[in-house]
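Shown next, in structure tokens, is the structure this report addresses.
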Amino acid sequence: MKARIFVTLKGGVLDPQGKAIHHALEGLGFTGVNDVRAGKLIELDLADGTSDDDIDAMCRKLLANTVIENYRIEKVA
Amino acid sequence: MKSAVIVFPGSNCDRDLAVAFEAVSGTKPAMIWHRDTELPDDLDLIGVPGGFSYGDYLRSGAMAARSPVMQAVAKAAERGTYVLGICNGFQVLTESGLLPGALLRNASGHFICRDVGLTVDNAQSAFTSKYDAGETISFPVAHHDGNYFADADTLDRLEGEGRVALRYAENCNGSARDIAGILNEAGNVLGMMPHPERVIEPAHGKTDGRRLFEGLVEGLLARA
């Protein structure tokens, strides 16, 4: 069983990396990019039967810092 | 006085911090490896040093905060042992929940390595007792993730309770309300981005940091 964890900065938390990417896109001549926010994708290969609670606990205890980040869990069959 | 300095893989200010502890107290701190699960008995002071613990993987300080030794540091802090986290050490303390908030990437996106002016906001703490309130001092900073962030309620509480120990005289990294160093509720844990241990000898160019260590040690000796 696999799970993909998307970790993103909360709204209102400054994202200098996203800003730099935005700037670089503009430098390449791409117009119409309103904003860029960068995040992380963490792929977990899990033992079958790993509970949703356990995956959520992994996110809360380590994978995301909930002071500044949100996370979303996507289970892949 | 018994002190210890925690050493993570990737710490690089552990020796400087140990030298500072020894210079003012006359005794060598124990160097504690991150896998250790117990600390020496009756520690008065624990240093969590700067560096790039675990290569800053995942988030700065995130892996170190979950290492076995930090459980022991948290227990010691609860018992009243003084804990000083500098730079990566500050990031470790916020990641471990010993201090509120988080350290974000510098607003400029750049790594900053230079001297920065600081204002002593609270000169009553065990860490700042040898400074005058409102005094301006200068410490080096060397970090990529020093932009202090906390929600408005937390910031209000920190300010209202006198838990902002140091502020940037010139905000170099985008930190909320110019915060450079904060105390925990009990006042025995301080986290700060600037490096006092790098300015303790005349040969360093200035000695502004020495009083932080002197104040700590004098307070501890008076308590003993």
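Chain identifiers are assigned as A, B, and so on, following the order in which chains appear in the structure tokens; residues are numbered from 1 within each chain, and ligands are numbered from 1 in order of appearance.
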### Query
Excluding same-chain residues fewer than 6 positions from Glu74 of chain A, what lies within 8 Å of it counting only C-alpha atoms, as JSON, numbers by chain?
{"A": [3, 4, 5, 6]}
Which neighbours of Asp208 of chain B fall inside 10 Å, counting only C-alpha atoms, when residues of the same chain fewer than 4 positions from it are skipped, and could you give them as a PDB file with N, CA and C atoms, in the first residue's frame?
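Result file result12.pdb:
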ATOM      1  N   TYR B 131      22.889  42.256  30.886  1.00  0.00           N
ATOM      2  CA  TYR B 131      22.671  43.322  29.908  1.00  0.00           C
ATOM      3  C   TYR B 131      21.680  44.317  30.493  1.00  0.00           C
ATOM      4  N   THR B 136      21.756  48.037  23.039  1.00  0.00           N
ATOM      5  CA  THR B 136      22.005  47.480  21.710  1.00  0.00           C
ATOM      6  C   THR B 136      23.353  46.782  21.701  1.00  0.00           C
ATOM      7  N   ILE B 137      23.357  45.540  21.241  1.00  0.00           N
ATOM      8  CA  ILE B 137      24.576  44.745  21.156  1.00  0.00           C
ATOM      9  C   ILE B 137      24.662  44.192  19.733  1.00  0.00           C
ATOM     10  N   SER B 138      25.741  43.520  19.443  1.00  0.00           N
ATOM     11  CA  SER B 138      25.900  42.982  18.092  1.00  0.00           C
ATOM     12  C   SER B 138      26.472  41.567  18.153  1.00  0.00           C
ATOM     13  N   PHE B 139      25.758  40.647  17.539  1.00  0.00           N
ATOM     14  CA  PHE B 139      26.185  39.248  17.433  1.00  0.00           C
ATOM     15  C   PHE B 139      26.213  38.870  15.942  1.00  0.00           C
ATOM     16  N   PRO B 196      25.909  34.143  20.214  1.00  0.00           N
ATOM     17  CA  PRO B 196      26.713  34.791  21.256  1.00  0.00           C
ATOM     18  C   PRO B 196      28.057  34.108  21.478  1.00  0.00           C
ATOM     19  N   GLU B 197      28.124  32.787  21.216  1.00  0.00           N
ATOM     20  CA  GLU B 197      29.365  32.049  21.487  1.00  0.00           C
ATOM     21  C   GLU B 197      30.493  32.437  20.530  1.00  0.00           C
ATOM     22  N   ARG B 198      30.145  33.194  19.484  1.00  0.00           N
ATOM     23  CA  ARG B 198      31.178  33.601  18.521  1.00  0.00           C
ATOM     24  C   ARG B 198      31.772  34.966  18.858  1.00  0.00           C
ATOM     25  N   VAL B 199      31.307  35.593  19.933  1.00  0.00           N
ATOM     26  CA  VAL B 199      31.836  36.907  20.327  1.00  0.00           C
ATOM     27  C   VAL B 199      32.059  36.944  21.837  1.00  0.00           C
ATOM     28  N   ILE B 200      32.997  36.106  22.299  1.00  0.00           N
ATOM     29  CA  ILE B 200      33.265  36.071  23.744  1.00  0.00           C
ATOM     30  C   ILE B 200      34.704  36.425  24.100  1.00  0.00           C
ATOM     31  N   GLU B 201      35.591  36.539  23.117  1.00  0.00           N
ATOM     32  CA  GLU B 201      37.004  36.853  23.386  1.00  0.00           C
ATOM     33  C   GLU B 201      37.402  38.082  22.575  1.00  0.00           C
ATOM     34  N   PRO B 202      38.330  38.904  23.117  1.00  0.00           N
ATOM     35  CA  PRO B 202      38.801  40.057  22.332  1.00  0.00           C
ATOM     36  C   PRO B 202      39.296  39.641  20.936  1.00  0.00           C
ATOM     37  N   LEU B 212      26.220  37.029  28.233  1.00  0.00           N
ATOM     38  CA  LEU B 212      25.103  36.076  28.260  1.00  0.00           C
ATOM     39  C   LEU B 212      25.512  34.833  29.057  1.00  0.00           C
TER      40      LEU B 212
END
How close does each residue of chain A get to chain B, giving the shortest atom pair and distance in Å to one decimal for every residue with an atom at most 10 Å away, counting only C-alpha atoms, sorted by chain and residue number, as CSV?
residue,atom,partner,partner_atom,distance
A:Val13,CA,B:Phe149,CA,8.2
A:Leu14,CA,B:Ala107,CA,7.2
A:Asp15,CA,B:Arg105,CA,7.6
A:Pro16,CA,B:Gly109,CA,5.4
A:Gln17,CA,B:Gly109,CA,6.9
A:Gly18,CA,B:Gly109,CA,9.9
A:Lys19,CA,B:Gly109,CA,8.9
A:Ala20,CA,B:Gly109,CA,7.8
A:Lys40,CA,B:Leu58,CA,9.0
A:Ile42,CA,B:Leu58,CA,9.7
A:Lys61,CA,B:Arg66,CA,8.8
A:Leu62,CA,B:Ala62,CA,7.2
A:Leu63,CA,B:Leu58,CA,7.4
A:Ala64,CA,B:Leu58,CA,8.7
A:Asn65,CA,B:Glu95,CA,7.5
A:Thr66,CA,B:Ala102,CA,9.7
A:Val67,CA,B:Gly101,CA,6.5
A:Ile68,CA,B:Ala102,CA,7.2
Those same residues - all heavy atoms - I'd like them written as a CSV table (one decimal), in the first residue's frame.
chain,number,residue,atom,x,y,z
A,13,VAL,N,1.6,32.3,5.2
A,13,VAL,CA,3.0,32.0,5.5
A,13,VAL,C,3.9,32.3,4.3
A,13,VAL,O,3.6,31.8,3.2
A,13,VAL,CB,3.2,30.6,6.0
A,13,VAL,CG1,4.7,30.3,6.2
A,13,VAL,CG2,2.4,30.3,7.2
A,14,LEU,N,4.8,33.2,4.5
A,14,LEU,CA,5.7,33.7,3.4
A,14,LEU,C,6.4,32.5,2.7
A,14,LEU,O,6.9,31.6,3.4
A,14,LEU,CB,6.7,34.7,3.9
A,14,LEU,CG,7.6,35.4,2.9
A,14,LEU,CD1,6.8,36.4,2.1
A,14,LEU,CD2,8.8,36.0,3.6
A,15,ASP,N,6.5,32.5,1.4
A,15,ASP,CA,7.2,31.4,0.7
A,15,ASP,C,8.2,31.9,-0.3
A,15,ASP,O,7.9,32.1,-1.5
A,15,ASP,CB,6.1,30.6,-0.1
A,15,ASP,CG,6.7,29.4,-0.8
A,15,ASP,OD1,7.9,29.1,-0.6
A,15,ASP,OD2,6.0,28.8,-1.7
A,16,PRO,N,9.4,32.2,0.3
A,16,PRO,CA,10.4,32.8,-0.6
A,16,PRO,C,10.8,31.9,-1.8
A,16,PRO,O,11.2,32.4,-2.9
A,16,PRO,CB,11.6,33.0,0.3
A,16,PRO,CG,11.1,32.9,1.7
A,16,PRO,CD,9.9,32.1,1.6
A,17,GLN,N,10.7,30.6,-1.6
A,17,GLN,CA,11.0,29.7,-2.6
A,17,GLN,C,10.0,29.8,-3.8
A,17,GLN,O,10.4,29.9,-4.9
A,17,GLN,CB,11.0,28.2,-2.1
A,17,GLN,CG,11.6,27.2,-3.0
A,17,GLN,CD,11.6,25.8,-2.5
A,17,GLN,OE1,12.4,25.0,-2.9
A,17,GLN,NE2,10.7,25.5,-1.5
A,18,GLY,N,8.8,29.9,-3.4
A,18,GLY,CA,7.7,30.1,-4.4
A,18,GLY,C,7.9,31.4,-5.2
A,18,GLY,O,7.8,31.4,-6.4
A,19,LYS,N,8.3,32.4,-4.4
A,19,LYS,CA,8.5,33.7,-5.0
A,19,LYS,C,9.7,33.7,-6.0
A,19,LYS,O,9.6,34.3,-7.1
A,19,LYS,CB,8.9,34.8,-3.9
A,19,LYS,CG,7.7,35.4,-3.3
A,19,LYS,CD,8.1,36.7,-2.6
A,19,LYS,CE,7.1,37.4,-1.8
A,19,LYS,NZ,5.7,37.0,-1.9
A,20,ALA,N,10.7,33.0,-5.7
A,20,ALA,CA,11.9,32.8,-6.5
A,20,ALA,C,11.6,32.1,-7.8
A,20,ALA,O,12.0,32.4,-8.9
A,20,ALA,CB,13.1,32.1,-5.8
A,40,LYS,N,5.9,20.1,-0.7
A,40,LYS,CA,6.7,18.8,-0.7
A,40,LYS,C,5.7,17.7,-1.0
A,40,LYS,O,4.6,17.7,-0.5
A,40,LYS,CB,7.3,18.5,0.6
A,40,LYS,CG,8.4,19.5,1.1
A,40,LYS,CD,9.0,18.9,2.4
A,40,LYS,CE,10.0,19.9,3.0
A,40,LYS,NZ,9.3,20.7,4.0
A,42,ILE,N,5.7,13.6,-0.3
A,42,ILE,CA,6.4,12.5,0.4
A,42,ILE,C,5.7,11.2,0.1
A,42,ILE,O,4.5,11.2,0.4
A,42,ILE,CB,6.5,12.8,1.9
A,42,ILE,CG1,7.3,14.1,2.2
A,42,ILE,CG2,7.2,11.6,2.6
A,42,ILE,CD1,7.1,14.6,3.6
A,61,LYS,N,3.2,14.2,13.6
A,61,LYS,CA,4.3,14.1,14.5
A,61,LYS,C,5.7,14.4,13.8
A,61,LYS,O,6.6,14.7,14.4
A,61,LYS,CB,4.4,12.7,15.1
A,61,LYS,CG,3.4,12.4,16.1
A,61,LYS,CD,3.6,11.1,16.8
A,61,LYS,CE,2.5,10.9,17.9
A,61,LYS,NZ,2.6,9.6,18.5
A,62,LEU,N,5.7,14.3,12.5
A,62,LEU,CA,7.0,14.5,11.8
A,62,LEU,C,6.9,15.2,10.4
A,62,LEU,O,7.5,16.2,10.2
A,62,LEU,CB,7.8,13.2,11.7
A,62,LEU,CG,9.1,13.3,10.9
A,62,LEU,CD1,10.1,14.2,11.7
A,62,LEU,CD2,9.7,11.9,10.7
A,63,LEU,N,6.0,14.6,9.6
A,63,LEU,CA,6.1,15.0,8.1
A,63,LEU,C,5.7,16.4,7.9
A,63,LEU,O,6.3,17.1,7.0
A,63,LEU,CB,5.3,14.0,7.3
A,63,LEU,CG,5.6,12.6,7.4
A,63,LEU,CD1,4.7,11.7,6.5
A,63,LEU,CD2,7.1,12.3,7.1
A,64,ALA,N,4.8,17.0,8.7
A,64,ALA,CA,4.4,18.4,8.5
A,64,ALA,C,4.6,19.1,9.9
A,64,ALA,O,4.4,18.4,10.9
A,64,ALA,CB,2.9,18.5,8.1
A,65,ASN,N,5.0,20.3,9.8
A,65,ASN,CA,5.0,21.1,11.0
A,65,ASN,C,3.7,22.0,11.0
A,65,ASN,O,3.6,22.9,10.2
A,65,ASN,CB,6.2,22.1,11.0
A,65,ASN,CG,6.2,23.0,12.2
A,65,ASN,OD1,5.2,23.2,12.9
A,65,ASN,ND2,7.4,23.5,12.5
A,66,THR,N,2.7,21.6,11.8
A,66,THR,CA,1.4,22.1,11.7
A,66,THR,C,1.3,23.6,12.2
A,66,THR,O,0.3,24.2,12.0
A,66,THR,CB,0.3,21.3,12.4
A,66,THR,OG1,0.8,21.1,13.8
A,66,THR,CG2,0.2,19.9,11.8
A,67,VAL,N,2.4,24.1,12.7
A,67,VAL,CA,2.4,25.6,13.0
A,67,VAL,C,2.4,26.3,11.7
A,67,VAL,O,1.8,27.4,11.6
A,67,VAL,CB,3.7,25.9,13.8
A,67,VAL,CG1,3.8,27.4,14.0
A,67,VAL,CG2,3.7,25.2,15.1
A,68,ILE,N,3.1,25.8,10.7
A,68,ILE,CA,3.2,26.5,9.4
A,68,ILE,C,2.7,25.8,8.2
A,68,ILE,O,2.6,26.4,7.1
A,68,ILE,CB,4.7,26.9,9.2
A,68,ILE,CG1,5.6,25.7,9.3
A,68,ILE,CG2,5.2,28.0,10.1
A,68,ILE,CD1,7.1,25.9,8.9
#### Entry: Coordinates-based distance that separates atom CA of Val69 of chain B from atom CA of Arg35 of chain B (Å, one decimal)
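The value is 6.0 Å.
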### Query
chain B: which residues are strand (DSSP E) by DSSP, as a PyMOL selection string?
chain B and resi 3-7+30-33+45-48+82-86+102-104+112-120+136-143+147-149+164-168+179-183+189-192
### Message
Residues near Val116 of chain B, anyone? I mean within 8 Å using only C-alpha atoms, not counting same-chain ones fewer than 6 positions away, as a ChimeraX atom specification.
### Response
/B:138-141,168-170,172,194
Can you write out the residues you just picked, keeping N, CA, C and O atoms, as a PDB file, in the first residue's frame?
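Output file part09.pdb is given in full below:
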ATOM      1  N   SER B 138      25.741  43.520  19.443  1.00  0.00           N
ATOM      2  CA  SER B 138      25.900  42.982  18.092  1.00  0.00           C
ATOM      3  C   SER B 138      26.472  41.567  18.153  1.00  0.00           C
ATOM      4  O   SER B 138      27.494  41.331  18.788  1.00  0.00           O
ATOM      5  N   PHE B 139      25.758  40.647  17.539  1.00  0.00           N
ATOM      6  CA  PHE B 139      26.185  39.248  17.433  1.00  0.00           C
ATOM      7  C   PHE B 139      26.213  38.870  15.942  1.00  0.00           C
ATOM      8  O   PHE B 139      25.435  39.406  15.164  1.00  0.00           O
ATOM      9  N   PRO B 140      27.038  37.890  15.588  1.00  0.00           N
ATOM     10  CA  PRO B 140      26.956  37.379  14.216  1.00  0.00           C
ATOM     11  C   PRO B 140      25.709  36.505  14.021  1.00  0.00           C
ATOM     12  O   PRO B 140      25.292  35.828  14.957  1.00  0.00           O
ATOM     13  N   VAL B 141      25.159  36.548  12.832  1.00  0.00           N
ATOM     14  CA  VAL B 141      24.145  35.562  12.449  1.00  0.00           C
ATOM     15  C   VAL B 141      24.693  34.783  11.256  1.00  0.00           C
ATOM     16  O   VAL B 141      25.519  35.297  10.497  1.00  0.00           O
ATOM     17  N   TYR B 168      15.858  42.051  16.712  1.00  0.00           N
ATOM     18  CA  TYR B 168      16.797  42.613  15.748  1.00  0.00           C
ATOM     19  C   TYR B 168      16.633  44.126  15.733  1.00  0.00           C
ATOM     20  O   TYR B 168      15.510  44.632  15.618  1.00  0.00           O
ATOM     21  N   ALA B 169      17.767  44.842  15.868  1.00  0.00           N
ATOM     22  CA  ALA B 169      17.724  46.300  15.717  1.00  0.00           C
ATOM     23  C   ALA B 169      17.468  46.617  14.246  1.00  0.00           C
ATOM     24  O   ALA B 169      16.905  47.647  13.891  1.00  0.00           O
ATOM     25  N   GLU B 170      17.911  45.680  13.401  1.00  0.00           N
ATOM     26  CA  GLU B 170      17.709  45.798  11.957  1.00  0.00           C
ATOM     27  C   GLU B 170      17.244  44.405  11.529  1.00  0.00           C
ATOM     28  O   GLU B 170      17.984  43.437  11.670  1.00  0.00           O
ATOM     29  N   CYS B 172      16.910  41.419   9.747  1.00  0.00           N
ATOM     30  CA  CYS B 172      17.713  40.908   8.628  1.00  0.00           C
ATOM     31  C   CYS B 172      17.036  39.755   7.899  1.00  0.00           C
ATOM     32  O   CYS B 172      17.475  39.362   6.819  1.00  0.00           O
ATOM     33  N   PRO B 194      20.905  34.476  16.568  1.00  0.00           N
ATOM     34  CA  PRO B 194      22.290  34.982  16.560  1.00  0.00           C
ATOM     35  C   PRO B 194      23.209  34.153  17.468  1.00  0.00           C
ATOM     36  O   PRO B 194      22.743  33.442  18.369  1.00  0.00           O
TER      37      PRO B 194
END
Could you pull the residues within 7 Å of Leu84 of chain B, counting only C-alpha atoms, minus those fewer than 4 positions along the same chain, as a PDB file with C-alpha atoms, in the first residue's frame?
ATOM      1  CA  ILE B  46      22.202  22.226  28.348  1.00  0.00           C
ATOM      2  CA  GLY B  47      23.376  23.776  25.093  1.00  0.00           C
ATOM      3  CA  VAL B  48      21.709  22.882  21.796  1.00  0.00           C
ATOM      4  CA  VAL B 189      14.647  27.839  27.928  1.00  0.00           C
ATOM      5  CA  LEU B 190      15.992  30.410  25.466  1.00  0.00           C
ATOM      6  CA  GLY B 191      16.148  29.984  21.711  1.00  0.00           C
TER       7      GLY B 191
END
### Message
Can you pull out the residues contacting Arg211 of chain B? Cut-off 12 Å, using only C-alpha atoms, and skip same-chain residues under 3 positions away; I want them as a count of residues only.
### Response
27
### Message
So that I can check the secondary structure, give me every residue of chain A assigned alpha helix (DSSP H) by backbone DSSP, as a ChimeraX atom specification.
### Response
/A:16-27,52-58
